[in-house]
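Student: Before anything else, here's the structure in question.
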Amino acid sequence: MLAKFMRLLHSYSSMLVLVLLLFFAITGITLNHPDLLYSTAGKSSRQQVLTLPETLQYSDLPQSDSEQAAVASQFRDWLSREHQVKASVFSYQFDTDDSLLELDFKRPAGYASVVVDFAANTAELELEFNGYLALLNDLHKGRNAGLSWLLLIDLTAVACIIFALTGFYLMLKQATRRSVGNSLAMLGIFISLFAYILSLH
């Protein structure tokens, strides 16, 4: 009964993470060899000066943290809606002395930086995207990818652990393949240790 359950768990966990396992395996190679796989495909940058709409023109800047957060949120919504500035990680900083608001939008393989000048009622927008290969590599690392993607990485890791342990259990239950399976497991451990020791010299 347990063996049947483990077999089902092994099969379904492998199918659950099939695409993601391939994704992380392939991007693991691209991360290891950035010089060989360097690509400019999809790279772009843009600088633009925007005029603030009347609803976002403030003569008196907010002073409290809650008011500043509300104003920053308004600018984030405006930039996302009107200028397609979107990101997983967002931060802001007010400079009340110079009547400035700095907004940072970070995402995998790119960023957007916005400096709002309330005195001139303008916003200087700078957009940078480093290409599709950089996007895949940053997703592999979870860099600036947001909470949902980080949770997906964790779930993928859990499914891979289940896949590996159930496979090990099923191998142990097969007497004819047990010795070969154990030998391969030991070989994998030896290769890992050897590669690590070799890297220190």
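By convention in this document, the chains of the structure tokens carry letters A, B, ... by their order, each chain's residues are numbered from 1, and ligands are numbered from 1 in the order they are shown.
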Taking 3 positions as the minimum chain separation for residues in the same chain, which residues sit within 12 Å of Asp97 (chain A) when counting only C-alpha atoms? Answer as a list in words.

Tutor: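 Counting only C-alpha atoms, the residues come to Asp60, Leu61, Pro62, Gln63, Phe94, Leu100, Leu101, Asp117, Phe118 and Ala119 of chain A.
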
Student: Any chance you could list, as a VMD selection string, the residues in region 41-146 of chain A that come up alpha helix (DSSP H) when DSSP is run on the backbone?

Tutor: chain A and resid 65 to 83 132 to 141 146

Student: Quick one: residues within 6 Å of Ala123 (chain A), only C-alpha atoms, excluding same-chain residues fewer than 2 positions away - as a VMD selection string?

Tutor: chain A and resid 49 to 50 115 to 116

Student: I need the residues from that last selection saved to file as an mmCIF file, in the first residue's frame (with all heavy atoms), if you can.

Tutor:
data_model
loop_
_atom_site.group_PDB
_atom_site.id
_atom_site.type_symbol
_atom_site.label_atom_id
_atom_site.label_comp_id
_atom_site.auth_asym_id
_atom_site.auth_seq_id
_atom_site.Cartn_x
_atom_site.Cartn_y
_atom_site.Cartn_z
ATOM 1 N N VAL A 49 10.756 62.802 -20.316
ATOM 2 C CA VAL A 49 10.275 63.794 -19.347
ATOM 3 C C VAL A 49 8.757 63.884 -19.488
ATOM 4 O O VAL A 49 8.243 64.183 -20.572
ATOM 5 C CB VAL A 49 10.920 65.166 -19.568
ATOM 6 C CG1 VAL A 49 10.335 66.184 -18.578
ATOM 7 C CG2 VAL A 49 12.429 65.088 -19.409
ATOM 8 N N LEU A 50 8.057 63.625 -18.404
ATOM 9 C CA LEU A 50 6.595 63.605 -18.419
ATOM 10 C C LEU A 50 6.042 64.835 -17.706
ATOM 11 O O LEU A 50 6.635 65.317 -16.727
ATOM 12 C CB LEU A 50 6.083 62.343 -17.706
ATOM 13 C CG LEU A 50 6.679 61.004 -18.163
ATOM 14 C CD1 LEU A 50 6.195 59.885 -17.256
ATOM 15 C CD2 LEU A 50 6.323 60.728 -19.614
ATOM 16 N N VAL A 115 12.054 60.495 -11.176
ATOM 17 C CA VAL A 115 12.289 61.634 -10.280
ATOM 18 C C VAL A 115 11.218 62.680 -10.562
ATOM 19 O O VAL A 115 11.169 63.255 -11.658
ATOM 20 C CB VAL A 115 13.695 62.235 -10.475
ATOM 21 C CG1 VAL A 115 13.873 63.439 -9.549
ATOM 22 C CG2 VAL A 115 14.771 61.193 -10.204
ATOM 23 N N VAL A 116 10.364 62.898 -9.591
ATOM 24 C CA VAL A 116 9.266 63.858 -9.728
ATOM 25 C C VAL A 116 9.706 65.197 -9.149
ATOM 26 O O VAL A 116 10.130 65.272 -7.990
ATOM 27 C CB VAL A 116 8.004 63.355 -8.996
ATOM 28 C CG1 VAL A 116 6.884 64.378 -9.127
ATOM 29 C CG2 VAL A 116 7.570 62.000 -9.544
#

Student: Would you mind reading off the distance between CA of Asp104 (chain A) and CA of Leu125 (chain A), one decimal, in Å?

Tutor: 10.2 Å

Student: For the atom pair CA of Leu151 (chain A) and CA of Pro108 (chain A), what is the interatomic distance in Å to one decimal place?

Tutor: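 We find that CA of Leu151 (chain A) and CA of Pro108 (chain A) lie 15.6 Å from each other.
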
Student: For Trp149 (chain A), please output as a list in words all residues within 12 Å (counting only C-alpha atoms; exclusion window: fewer than 3 positions along the same chain).

Tutor: Leu20, Ser88, Arg107, Pro108, Asp138, Leu139, His140, Lys141, Gly142, Arg143, Asn144, Ala145, Gly146, Leu152, Ile153, Asp154, Leu155 and Thr156 of chain A

Student: When distances are computed from only C-alpha atoms, which of A:Leu136, A:Leu165, A:Leu200, A:Ile189 shows the smallest separation from Gly28 (chain A)?

Tutor: A:Leu136

Student: Identify, on the basis of only C-alpha atoms, every residue whose closest approach to Lys106 (chain A) does not exceed 6 Å; exclude the query and any residue fewer than 2 positions from it along the same chain; express the result as a list in words.

Tutor: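 Surrounding residues, per the criterion: Ala87, Val89 and Tyr111 of chain A.
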
Student: Please report, as number ranges by chain, each residue of region 48-99 of chain A to which DSSP assigns strand (DSSP E or B) when run on this structure's backbone.

Tutor: A: 48-51, 89-95

Student: Only C-alpha atoms, please: the residues just picked out, written as a tab-separated table (two decimals), in the first residue's frame.

Tutor:
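Output below, filename result04.tsv:
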chain	number	residue	atom	x	y	z
A	48	GLN	CA	11.50	60.64	-21.06
A	49	VAL	CA	10.27	63.79	-19.35
A	50	LEU	CA	6.60	63.61	-18.42
A	51	THR	CA	4.23	66.39	-17.51
A	89	VAL	CA	9.59	45.70	-6.04
A	90	PHE	CA	8.63	49.33	-5.42
A	91	SER	CA	10.21	51.94	-3.16
A	92	TYR	CA	10.10	55.72	-2.84
A	93	GLN	CA	11.79	58.62	-1.07
A	94	PHE	CA	10.67	62.21	-0.58
A	95	ASP	CA	13.05	65.16	-0.55

Student: When you look at Phe163 (chain A) with a cut-off of 7 Å (counting only C-alpha atoms), what residues show up, excluding the ones that are within fewer than 3 positions of it in the same chain? I need them as a list in words.

Tutor: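 Selected residues are His10, Ser13, Ser14, Ala159, Cys160, Thr166 and Gly167 of chain A.
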
Student: Rounded to one decimal, what separation in Å do you get between CA of Lys43 (chain A) and CA of Gln74 (chain A)?

Tutor: 28.8 Å

Student: Using only C-alpha atoms, which residue out of A:Ala69, A:Ala112, A:Ile161, A:Ala120 lies closest to Ser44 (chain A)?

Tutor: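 Comparing A:Ala69, A:Ala112, A:Ile161, A:Ala120 against Ser44 (chain A), the winner is A:Ala112.
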